Amino acid sequence: MIPAAFDYIRPASLDEACHALRDADASGNDVKVIAGGQSLLPLLRLRLAYPAALVDLGRLPGLRGVEDRGDHVFIGALTTHDEVLRSPAVREHVPLVALATATVADPAVRHRGTFGGSLAHADPAGDLPAVAVALDCVFIARSAEGEREIPAAEFFADYLETTLRPGEVLIGVRVPKLGAGWGFHYEKFTRTAQAWAIVGVAAAVRTEDGSIAEARIGLTNMGSTPLRARAAEEALRGLSTAHGDSGVTIPGRVHDPVRDACGQAAEGASPPSDLHARPDYRAHLARVLTYRAVRAAGS
(Lines give C-alpha, C1' and ligand atoms only; values in the text may rest on other atoms or scores of the structure.)
Protein backbone atom coordinates (compact mmCIF):
# COMPACT_ATOMS: atom_id res chain seq x y z
CA MET A 1 0.00 0.00 0.00
CA ILE A 2 1.18 3.53 -0.76
CA PRO A 3 1.48 5.90 2.24
CA ALA A 4 -0.73 8.97 2.46
CA ALA A 5 0.83 12.23 1.26
CA PHE A 6 3.00 14.13 3.74
CA ASP A 7 5.49 16.98 3.83
CA TYR A 8 9.12 15.93 4.21
CA ILE A 9 11.44 18.06 6.35
CA ARG A 10 15.18 17.41 6.69
CA PRO A 11 16.58 19.86 9.27
CA ALA A 12 20.26 20.78 9.22
CA SER A 13 20.57 20.97 13.02
CA LEU A 14 18.91 19.71 16.16
CA ASP A 15 17.63 23.21 16.97
CA GLU A 16 16.05 23.44 13.53
CA ALA A 17 14.40 20.06 14.09
CA CYS A 18 12.97 21.15 17.45
CA HIS A 19 11.58 24.35 15.96
CA ALA A 20 10.04 22.43 13.04
CA LEU A 21 8.31 20.09 15.48
CA ARG A 22 7.12 22.99 17.62
CA ASP A 23 5.76 24.90 14.63
CA ALA A 24 3.93 21.84 13.32
CA ASP A 25 2.32 21.27 16.70
CA ALA A 26 1.32 24.92 16.97
CA SER A 27 -0.42 24.72 13.60
CA GLY A 28 -2.34 21.62 14.67
CA ASN A 29 -0.63 19.28 12.21
CA ASP A 30 0.32 15.73 13.16
CA VAL A 31 4.07 15.32 12.71
CA LYS A 32 6.33 12.29 13.12
CA VAL A 33 10.06 11.98 13.63
CA ILE A 34 11.91 9.48 11.44
CA ALA A 35 15.48 8.19 11.72
CA GLY A 36 16.11 4.56 10.68
CA GLY A 37 12.45 4.15 9.76
CA GLN A 38 12.28 0.43 10.58
CA SER A 39 9.25 0.86 12.85
CA LEU A 40 7.54 3.89 11.29
CA LEU A 41 7.68 2.99 7.59
CA PRO A 42 5.55 -0.16 7.93
CA LEU A 43 2.91 1.90 9.76
CA LEU A 44 2.95 4.48 6.96
CA ARG A 45 2.63 1.84 4.26
CA LEU A 46 -0.34 0.25 6.02
CA ARG A 47 -1.82 3.70 6.71
CA LEU A 48 -1.93 2.98 10.40
CA ALA A 49 -0.16 6.33 10.72
CA TYR A 50 -0.71 9.24 8.36
CA PRO A 51 1.17 12.32 9.61
CA ALA A 52 0.99 15.62 7.81
CA ALA A 53 4.79 15.89 7.97
CA LEU A 54 7.89 13.81 8.62
CA VAL A 55 10.96 15.36 10.25
CA ASP A 56 14.02 13.35 9.23
CA LEU A 57 16.75 13.29 11.89
CA GLY A 58 18.83 10.64 10.16
CA ARG A 59 21.74 12.87 9.17
CA LEU A 60 21.90 15.18 12.16
CA PRO A 61 25.37 15.35 13.75
CA GLY A 62 26.02 14.62 17.40
CA LEU A 63 23.23 12.14 18.05
CA ARG A 64 25.14 8.98 17.24
CA GLY A 65 27.65 6.98 19.24
CA VAL A 66 28.30 5.30 22.59
CA GLU A 67 30.24 6.98 25.41
CA ASP A 68 31.52 5.62 28.71
CA ARG A 69 30.75 8.41 31.18
CA GLY A 70 31.92 6.91 34.44
CA ASP A 71 28.83 5.79 36.31
CA HIS A 72 26.80 5.25 33.14
CA VAL A 73 27.01 4.55 29.43
CA PHE A 74 25.44 7.16 27.17
CA ILE A 75 23.92 5.90 23.92
CA GLY A 76 23.01 8.49 21.31
CA ALA A 77 19.49 8.19 19.92
CA LEU A 78 20.66 7.70 16.32
CA THR A 79 23.10 4.92 17.19
CA THR A 80 22.11 1.84 15.19
CA HIS A 81 21.46 -1.49 16.87
CA ASP A 82 24.51 -2.89 15.12
CA GLU A 83 26.70 -0.11 16.51
CA VAL A 84 25.33 -0.81 20.00
CA LEU A 85 26.19 -4.49 19.62
CA ARG A 86 29.75 -3.72 18.52
CA SER A 87 30.42 -1.23 21.31
CA PRO A 88 33.01 -2.44 23.87
CA ALA A 89 31.49 -0.13 26.50
CA VAL A 90 28.05 -1.71 26.07
CA ARG A 91 29.36 -5.28 26.14
CA GLU A 92 31.51 -4.65 29.22
CA HIS A 93 29.39 -2.34 31.36
CA VAL A 94 25.74 -2.80 30.30
CA PRO A 95 25.63 -6.29 28.78
CA LEU A 96 21.86 -6.64 29.18
CA VAL A 97 21.50 -3.99 26.46
CA ALA A 98 23.67 -6.07 24.13
CA LEU A 99 21.83 -9.31 24.95
CA ALA A 100 18.44 -7.80 24.10
CA THR A 101 19.67 -5.85 21.07
CA ALA A 102 21.06 -9.04 19.55
CA THR A 103 17.49 -10.41 19.39
CA VAL A 104 16.03 -7.39 17.56
CA ALA A 105 14.63 -8.52 14.19
CA ASP A 106 17.46 -9.45 11.80
CA PRO A 107 20.86 -8.05 10.71
CA ALA A 108 19.33 -5.90 7.96
CA VAL A 109 17.02 -4.17 10.43
CA ARG A 110 19.77 -3.86 13.06
CA HIS A 111 21.98 -2.04 10.56
CA ARG A 112 19.29 0.56 9.83
CA GLY A 113 17.15 0.72 12.96
CA THR A 114 18.22 3.07 15.74
CA PHE A 115 18.41 2.59 19.50
CA GLY A 116 16.49 5.78 20.25
CA GLY A 117 13.94 5.17 17.54
CA SER A 118 13.07 1.76 18.92
CA LEU A 119 12.54 3.20 22.39
CA ALA A 120 10.60 6.28 21.25
CA HIS A 121 8.35 4.04 19.12
CA ALA A 122 7.22 2.57 22.47
CA ASP A 123 5.96 -0.75 21.18
CA PRO A 124 5.47 -2.94 24.29
CA ALA A 125 6.42 -5.95 22.13
CA GLY A 126 9.81 -4.37 21.42
CA ASP A 127 12.82 -5.76 23.26
CA LEU A 128 14.55 -2.58 24.42
CA PRO A 129 11.77 -0.89 26.45
CA ALA A 130 11.74 -3.72 29.01
CA VAL A 131 15.52 -3.44 29.34
CA ALA A 132 15.24 0.31 29.89
CA VAL A 133 12.78 -0.06 32.77
CA ALA A 134 14.73 -2.95 34.32
CA LEU A 135 17.95 -0.92 34.36
CA ASP A 136 16.29 2.37 35.39
CA CYS A 137 17.62 4.18 32.34
CA VAL A 138 17.20 7.93 31.94
CA PHE A 139 15.99 9.42 28.65
CA ILE A 140 17.33 12.80 27.53
CA ALA A 141 14.91 14.91 25.50
CA ARG A 142 15.61 18.20 23.73
CA SER A 143 13.18 20.91 22.70
CA ALA A 144 13.43 24.55 21.68
CA GLU A 145 13.24 25.35 25.42
CA GLY A 146 16.17 23.12 26.44
CA GLU A 147 16.88 19.60 27.72
CA ARG A 148 14.79 17.42 30.02
CA GLU A 149 15.51 14.14 31.79
CA ILE A 150 12.82 11.46 31.88
CA PRO A 151 13.23 8.31 34.01
CA ALA A 152 12.39 5.13 32.11
CA ALA A 153 9.59 4.39 34.58
CA GLU A 154 7.88 7.62 33.44
CA PHE A 155 8.75 7.53 29.73
CA PHE A 156 6.26 4.95 28.42
CA ALA A 157 2.69 6.22 28.64
CA ASP A 158 0.60 3.72 26.66
CA TYR A 159 0.67 1.59 23.54
CA LEU A 160 2.94 3.43 21.05
CA GLU A 161 2.83 6.51 23.29
CA THR A 162 5.53 8.19 25.37
CA THR A 163 5.66 11.21 27.64
CA LEU A 164 7.75 13.15 25.12
CA ARG A 165 6.11 16.54 24.82
CA PRO A 166 5.17 18.17 21.52
CA GLY A 167 8.33 19.60 20.01
CA GLU A 168 10.68 17.31 21.96
CA VAL A 169 13.26 14.99 20.41
CA LEU A 170 14.89 12.05 22.16
CA ILE A 171 18.63 12.67 21.85
CA GLY A 172 20.07 9.87 23.96
CA VAL A 173 19.75 7.46 26.86
CA ARG A 174 21.81 7.13 30.02
CA VAL A 175 22.23 3.47 30.97
CA PRO A 176 23.49 3.05 34.56
CA LYS A 177 26.36 0.70 35.28
CA LEU A 178 25.23 -1.70 37.99
CA GLY A 179 28.75 -2.77 38.94
CA ALA A 180 30.19 -5.98 40.35
CA GLY A 181 28.08 -8.92 41.45
CA TRP A 182 25.40 -8.52 38.79
CA GLY A 183 24.45 -11.06 36.16
CA PHE A 184 22.18 -10.47 33.17
CA HIS A 185 20.00 -12.37 30.75
CA TYR A 186 17.29 -11.68 28.17
CA GLU A 187 14.84 -14.48 27.47
CA LYS A 188 12.37 -14.20 24.60
CA PHE A 189 9.65 -16.38 23.09
CA THR A 190 8.68 -15.72 19.46
CA ARG A 191 6.88 -17.48 16.63
CA THR A 192 9.91 -17.05 14.37
CA ALA A 193 13.40 -15.68 14.87
CA GLN A 194 12.54 -12.31 13.32
CA ALA A 195 9.11 -11.80 14.87
CA TRP A 196 8.06 -9.54 17.73
CA ALA A 197 8.25 -11.16 21.15
CA ILE A 198 5.10 -12.90 22.31
CA VAL A 199 6.66 -12.42 25.76
CA GLY A 200 10.17 -11.39 26.75
CA VAL A 201 11.97 -11.04 30.07
CA ALA A 202 14.95 -8.82 30.86
CA ALA A 203 16.61 -9.93 34.10
CA ALA A 204 19.40 -8.42 36.18
CA VAL A 205 20.38 -10.33 39.33
CA ARG A 206 22.90 -9.39 42.02
CA THR A 207 24.15 -12.24 44.17
CA GLU A 208 25.97 -12.25 47.48
CA ASP A 209 27.32 -15.41 49.14
CA GLY A 210 25.20 -17.67 46.97
CA SER A 211 21.94 -15.80 47.51
CA ILE A 212 19.97 -13.26 45.49
CA ALA A 213 20.52 -9.86 47.06
CA GLU A 214 18.55 -7.93 44.43
CA ALA A 215 16.68 -8.66 41.22
CA ARG A 216 15.35 -6.43 38.47
CA ILE A 217 12.91 -7.91 35.99
CA GLY A 218 11.44 -6.12 32.96
CA LEU A 219 8.58 -7.70 31.00
CA THR A 220 8.04 -7.39 27.25
CA ASN A 221 4.51 -7.54 25.78
CA MET A 222 2.70 -8.06 29.08
CA GLY A 223 0.70 -4.83 28.90
CA SER A 224 0.36 -1.59 26.99
CA THR A 225 3.78 -0.52 28.32
CA PRO A 226 6.87 -2.41 29.49
CA LEU A 227 6.49 -3.53 33.09
CA ARG A 228 8.60 -4.33 36.14
CA ALA A 229 7.72 -7.64 37.81
CA ARG A 230 7.85 -6.09 41.26
CA ALA A 231 6.21 -8.96 43.12
CA ALA A 232 8.70 -11.47 41.71
CA GLU A 233 11.61 -9.12 42.41
CA GLU A 234 10.65 -8.87 46.07
CA ALA A 235 9.97 -12.59 46.41
CA LEU A 236 13.41 -13.45 44.99
CA ARG A 237 15.30 -11.38 47.53
CA GLY A 238 17.37 -13.57 49.85
CA LEU A 239 16.76 -16.85 48.03
CA SER A 240 19.61 -19.25 47.37
CA THR A 241 20.81 -19.52 43.78
CA ALA A 242 21.27 -23.29 44.20
CA HIS A 243 18.70 -25.38 42.34
CA GLY A 244 16.09 -26.99 44.57
CA ASP A 245 17.87 -25.86 47.70
CA SER A 246 15.11 -26.81 50.15
CA GLY A 247 15.19 -30.49 49.26
CA VAL A 248 11.39 -30.82 49.64
CA THR A 249 9.97 -33.11 46.97
CA ILE A 250 6.62 -32.23 45.37
CA PRO A 251 4.93 -33.98 42.39
CA GLY A 252 8.06 -35.72 41.21
CA ARG A 253 10.54 -32.87 41.44
CA VAL A 254 12.61 -31.02 43.99
CA HIS A 255 10.90 -27.90 45.30
CA ASP A 256 12.63 -24.77 44.00
CA PRO A 257 11.82 -21.52 45.86
CA VAL A 258 13.23 -19.47 42.97
CA ARG A 259 10.65 -21.05 40.65
CA ASP A 260 7.91 -20.20 43.14
CA ALA A 261 9.08 -16.58 43.35
CA CYS A 262 9.19 -16.28 39.57
CA GLY A 263 5.63 -17.59 39.53
CA GLN A 264 4.60 -14.11 40.67
CA ALA A 265 6.02 -12.46 37.54
CA ALA A 266 2.62 -11.82 35.94
CA GLU A 267 1.03 -10.23 39.01
CA GLY A 268 -0.42 -6.82 38.18
CA ALA A 269 0.10 -7.31 34.42
CA SER A 270 -2.60 -6.99 31.77
CA PRO A 271 -1.36 -9.17 28.90
CA PRO A 272 -2.93 -8.45 25.51
CA SER A 273 -4.95 -10.95 23.51
CA ASP A 274 -4.25 -11.28 19.80
CA LEU A 275 -3.87 -13.86 17.02
CA HIS A 276 -0.69 -15.22 18.60
CA ALA A 277 -1.57 -15.65 22.27
CA ARG A 278 -4.31 -15.27 24.86
CA PRO A 279 -3.67 -13.40 28.13
CA ASP A 280 -3.48 -16.59 30.21
CA TYR A 281 -0.89 -18.07 27.88
CA ARG A 282 1.20 -14.91 28.05
CA ALA A 283 1.00 -14.98 31.84
CA HIS A 284 2.23 -18.58 31.79
CA LEU A 285 5.09 -17.61 29.48
CA ALA A 286 6.03 -14.71 31.76
CA ARG A 287 6.38 -17.09 34.70
CA VAL A 288 8.40 -19.65 32.77
CA LEU A 289 10.66 -17.16 31.01
CA THR A 290 11.27 -15.20 34.19
CA TYR A 291 12.49 -18.37 35.88
CA ARG A 292 14.82 -19.13 32.98
CA ALA A 293 16.13 -15.57 32.84
CA VAL A 294 16.70 -15.30 36.60
CA ARG A 295 18.45 -18.67 36.71
CA ALA A 296 20.72 -17.70 33.82
CA ALA A 297 21.46 -14.25 35.26
CA GLY A 298 22.16 -15.60 38.74
CA SER A 299 24.39 -18.48 37.70
# chains A, B, ... in the order shown; residues from 1 in each chain; ligands from 1
>>> residues_around(residues="Leu48 of chain A", least_positions_apart="2", cutoff="12 Å", atoms="only C-alpha atoms", output="list in words")
Met1, Ile2, Pro3, Ala4, Ser39, Leu40, Leu41, Pro42, Leu43, Leu44, Arg45, Leu46, Tyr50, Pro51 and Leu160 of chain A
>>> write_last_selection(atoms="N, CA and C atoms", output="JSON list (two decimals), in the first residue's frame")
[["chain", "number", "residue", "atom", "x", "y", "z"],
["A", 1, "MET", "N", 0.85, -1.19, 0.00],
["A", 1, "MET", "CA", 0.00, 0.00, 0.00],
["A", 1, "MET", "C", 0.89, 1.25, 0.00],
["A", 2, "ILE", "N", 0.42, 2.28, -0.67],
["A", 2, "ILE", "CA", 1.18, 3.53, -0.76],
["A", 2, "ILE", "C", 0.80, 4.43, 0.40],
["A", 3, "PRO", "N", 1.80, 5.01, 1.11],
["A", 3, "PRO", "CA", 1.48, 5.90, 2.24],
["A", 3, "PRO", "C", 0.69, 7.12, 1.79],
["A", 4, "ALA", "N", -0.04, 7.70, 2.73],
["A", 4, "ALA", "CA", -0.73, 8.97, 2.46],
["A", 4, "ALA", "C", 0.30, 10.08, 2.25],
["A", 39, "SER", "N", 10.55, 1.02, 12.18],
["A", 39, "SER", "CA", 9.25, 0.86, 12.85],
["A", 39, "SER", "C", 8.17, 1.73, 12.20],
["A", 40, "LEU", "N", 8.54, 2.95, 11.81],
["A", 40, "LEU", "CA", 7.54, 3.89, 11.29],
["A", 40, "LEU", "C", 7.11, 3.57, 9.87],
["A", 41, "LEU", "N", 8.03, 3.20, 9.00],
["A", 41, "LEU", "CA", 7.68, 2.99, 7.59],
["A", 41, "LEU", "C", 6.60, 1.93, 7.39],
["A", 42, "PRO", "N", 6.65, 0.80, 8.09],
["A", 42, "PRO", "CA", 5.55, -0.16, 7.93],
["A", 42, "PRO", "C", 4.19, 0.43, 8.33],
["A", 43, "LEU", "N", 4.16, 1.27, 9.36],
["A", 43, "LEU", "CA", 2.91, 1.90, 9.76],
["A", 43, "LEU", "C", 2.40, 2.85, 8.68],
["A", 44, "LEU", "N", 3.34, 3.56, 8.03],
["A", 44, "LEU", "CA", 2.95, 4.48, 6.96],
["A", 44, "LEU", "C", 2.40, 3.71, 5.76],
["A", 45, "ARG", "N", 3.07, 2.62, 5.42],
["A", 45, "ARG", "CA", 2.63, 1.84, 4.26],
["A", 45, "ARG", "C", 1.24, 1.24, 4.48],
["A", 46, "LEU", "N", 0.97, 0.83, 5.71],
["A", 46, "LEU", "CA", -0.34, 0.25, 6.02],
["A", 46, "LEU", "C", -1.38, 1.31, 6.36],
["A", 50, "TYR", "N", -0.66, 8.37, 9.54],
["A", 50, "TYR", "CA", -0.71, 9.24, 8.36],
["A", 50, "TYR", "C", -0.45, 10.68, 8.79],
["A", 51, "PRO", "N", 0.82, 10.96, 9.17],
["A", 51, "PRO", "CA", 1.17, 12.32, 9.61],
["A", 51, "PRO", "C", 1.14, 13.31, 8.46],
["A", 160, "LEU", "N", 2.36, 2.53, 22.05],
["A", 160, "LEU", "CA", 2.94, 3.43, 21.05],
["A", 160, "LEU", "C", 2.90, 4.89, 21.48]]
>>> select_by_dssp(residues="segment 192-259 of chain A", states="helix (DSSP H, G or I)", output="PyMOL selection string")
chain A and resi 230-236+257-259
>>> residues_around(residues="Ala204 of chain A", least_positions_apart="3", cutoff="12 Å", atoms="only C-alpha atoms", output="number ranges by chain")
A: 94-97, 99, 130-136, 177-187, 201, 207, 212-218, 228-229, 233, 236, 290, 293-299
>>> select_by_dssp(residues="segment 152-185 of chain A", states="strand (DSSP E)", output="number ranges by chain")
A: 156-158, 161-162, 169-176, 182-185
>>> closest_residue(among="A:Val109, A:Val169, A:Val199, A:Ala53", to="Tyr281 of chain A", atoms="only C-alpha atoms")
A:Val199
>>> decode(residues="segment 213-247 of chain A", atoms="N, CA, C and O atoms", output="short mmCIF file (atom, residue, chain, number, x, y, z; two decimals), in the first residue's frame")
data_model
loop_
_atom_site.label_atom_id
_atom_site.label_comp_id
_atom_site.auth_asym_id
_atom_site.auth_seq_id
_atom_site.Cartn_x
_atom_site.Cartn_y
_atom_site.Cartn_z
N ALA A 213 20.63 -11.07 46.25
CA ALA A 213 20.52 -9.86 47.06
C ALA A 213 19.54 -8.87 46.45
O ALA A 213 18.88 -8.11 47.16
N GLU A 214 19.43 -8.88 45.12
CA GLU A 214 18.55 -7.93 44.43
C GLU A 214 18.26 -8.47 43.04
O GLU A 214 19.12 -9.07 42.39
N ALA A 215 17.05 -8.26 42.58
CA ALA A 215 16.68 -8.66 41.22
C ALA A 215 15.88 -7.55 40.56
O ALA A 215 15.07 -6.88 41.22
N ARG A 216 16.13 -7.36 39.28
CA ARG A 216 15.35 -6.43 38.47
C ARG A 216 14.83 -7.19 37.27
O ARG A 216 15.61 -7.81 36.54
N ILE A 217 13.54 -7.12 37.04
CA ILE A 217 12.91 -7.91 35.99
C ILE A 217 11.99 -7.01 35.17
O ILE A 217 11.04 -6.43 35.70
N GLY A 218 12.29 -6.87 33.88
CA GLY A 218 11.44 -6.12 32.96
C GLY A 218 10.70 -7.07 32.04
O GLY A 218 11.28 -8.05 31.56
N LEU A 219 9.42 -6.82 31.81
CA LEU A 219 8.58 -7.70 31.00
C LEU A 219 8.23 -7.05 29.67
O LEU A 219 7.79 -5.89 29.62
N THR A 220 8.39 -7.81 28.61
CA THR A 220 8.04 -7.39 27.25
C THR A 220 6.70 -7.98 26.85
O THR A 220 6.46 -9.19 27.03
N ASN A 221 5.81 -7.13 26.33
CA ASN A 221 4.51 -7.54 25.78
C ASN A 221 3.59 -8.17 26.82
O ASN A 221 2.85 -9.10 26.52
N MET A 222 3.61 -7.62 28.03
CA MET A 222 2.70 -8.06 29.08
C MET A 222 1.73 -6.95 29.48
O MET A 222 1.09 -7.02 30.53
N GLY A 223 1.61 -5.94 28.65
CA GLY A 223 0.70 -4.83 28.90
C GLY A 223 0.87 -3.79 27.82
O GLY A 223 1.58 -4.01 26.83
N SER A 224 0.26 -2.65 27.99
CA SER A 224 0.36 -1.59 26.99
C SER A 224 1.68 -0.83 27.08
O SER A 224 2.00 -0.03 26.20
N THR A 225 2.43 -1.08 28.15
CA THR A 225 3.78 -0.52 28.32
C THR A 225 4.67 -1.62 28.88
O THR A 225 4.17 -2.62 29.40
N PRO A 226 6.00 -1.45 28.81
CA PRO A 226 6.87 -2.41 29.49
C PRO A 226 6.67 -2.32 30.99
O PRO A 226 6.37 -1.25 31.53
N LEU A 227 6.81 -3.46 31.67
CA LEU A 227 6.49 -3.53 33.09
C LEU A 227 7.67 -4.06 33.91
O LEU A 227 8.50 -4.81 33.39
N ARG A 228 7.71 -3.68 35.18
CA ARG A 228 8.60 -4.33 36.14
C ARG A 228 7.80 -5.39 36.90
O ARG A 228 6.68 -5.12 37.36
N ALA A 229 8.36 -6.56 37.05
CA ALA A 229 7.72 -7.64 37.81
C ALA A 229 8.07 -7.46 39.28
O ALA A 229 8.88 -8.19 39.85
N ARG A 230 7.46 -6.49 39.91
CA ARG A 230 7.85 -6.09 41.26
C ARG A 230 7.61 -7.20 42.28
O ARG A 230 8.42 -7.39 43.20
N ALA A 231 6.50 -7.91 42.15
CA ALA A 231 6.21 -8.96 43.12
C ALA A 231 7.26 -10.06 43.06
O ALA A 231 7.73 -10.55 44.10
N ALA A 232 7.66 -10.44 41.86
CA ALA A 232 8.70 -11.47 41.71
C ALA A 232 10.04 -10.95 42.22
O ALA A 232 10.80 -11.69 42.86
N GLU A 233 10.35 -9.69 41.94
CA GLU A 233 11.61 -9.12 42.41
C GLU A 233 11.72 -9.21 43.93
O GLU A 233 12.76 -9.59 44.48
N GLU A 234 10.64 -8.85 44.60
CA GLU A 234 10.65 -8.87 46.07
C GLU A 234 10.72 -10.29 46.59
O GLU A 234 11.43 -10.58 47.58
N ALA A 235 9.99 -11.20 45.95
CA ALA A 235 9.97 -12.59 46.41
C ALA A 235 11.32 -13.27 46.23
O ALA A 235 11.65 -14.21 46.97
N LEU A 236 12.11 -12.83 45.27
CA LEU A 236 13.41 -13.45 44.99
C LEU A 236 14.48 -13.03 45.99
O LEU A 236 15.49 -13.73 46.16
N ARG A 237 14.27 -11.90 46.64
CA ARG A 237 15.30 -11.38 47.53
C ARG A 237 15.62 -12.37 48.66
O ARG A 237 14.74 -12.84 49.36
N GLY A 238 16.90 -12.70 48.78
CA GLY A 238 17.37 -13.57 49.85
C GLY A 238 17.35 -15.05 49.52
O GLY A 238 17.85 -15.86 50.33
N LEU A 239 16.82 -15.44 48.36
CA LEU A 239 16.76 -16.85 48.03
C LEU A 239 18.10 -17.37 47.54
O LEU A 239 18.87 -16.65 46.90
N SER A 240 18.37 -18.63 47.82
CA SER A 240 19.61 -19.25 47.37
C SER A 240 19.57 -19.44 45.86
O SER A 240 18.52 -19.72 45.27
N THR A 241 20.72 -19.30 45.22
CA THR A 241 20.81 -19.52 43.78
C THR A 241 21.00 -20.99 43.44
O THR A 241 20.99 -21.36 42.26
N ALA A 242 21.15 -21.85 44.46
CA ALA A 242 21.27 -23.29 44.20
C ALA A 242 19.92 -23.84 43.74
O ALA A 242 18.87 -23.43 44.22
N HIS A 243 19.94 -24.78 42.83
CA HIS A 243 18.70 -25.38 42.34
C HIS A 243 18.09 -26.28 43.41
O HIS A 243 18.77 -27.11 44.00
N GLY A 244 16.79 -26.11 43.65
CA GLY A 244 16.09 -26.99 44.57
C GLY A 244 16.72 -27.04 45.94
O GLY A 244 16.92 -28.10 46.52
N ASP A 245 17.06 -25.88 46.49
CA ASP A 245 17.87 -25.86 47.70
C ASP A 245 17.13 -26.34 48.94
O ASP A 245 17.75 -26.69 49.94
N SER A 246 15.81 -26.40 48.94
CA SER A 246 15.11 -26.81 50.15
C SER A 246 15.07 -28.32 50.32
O SER A 246 14.91 -28.82 51.42
N GLY A 247 15.21 -29.04 49.19
CA GLY A 247 15.19 -30.49 49.26
C GLY A 247 13.82 -31.09 49.50
O GLY A 247 13.69 -32.28 49.75
#
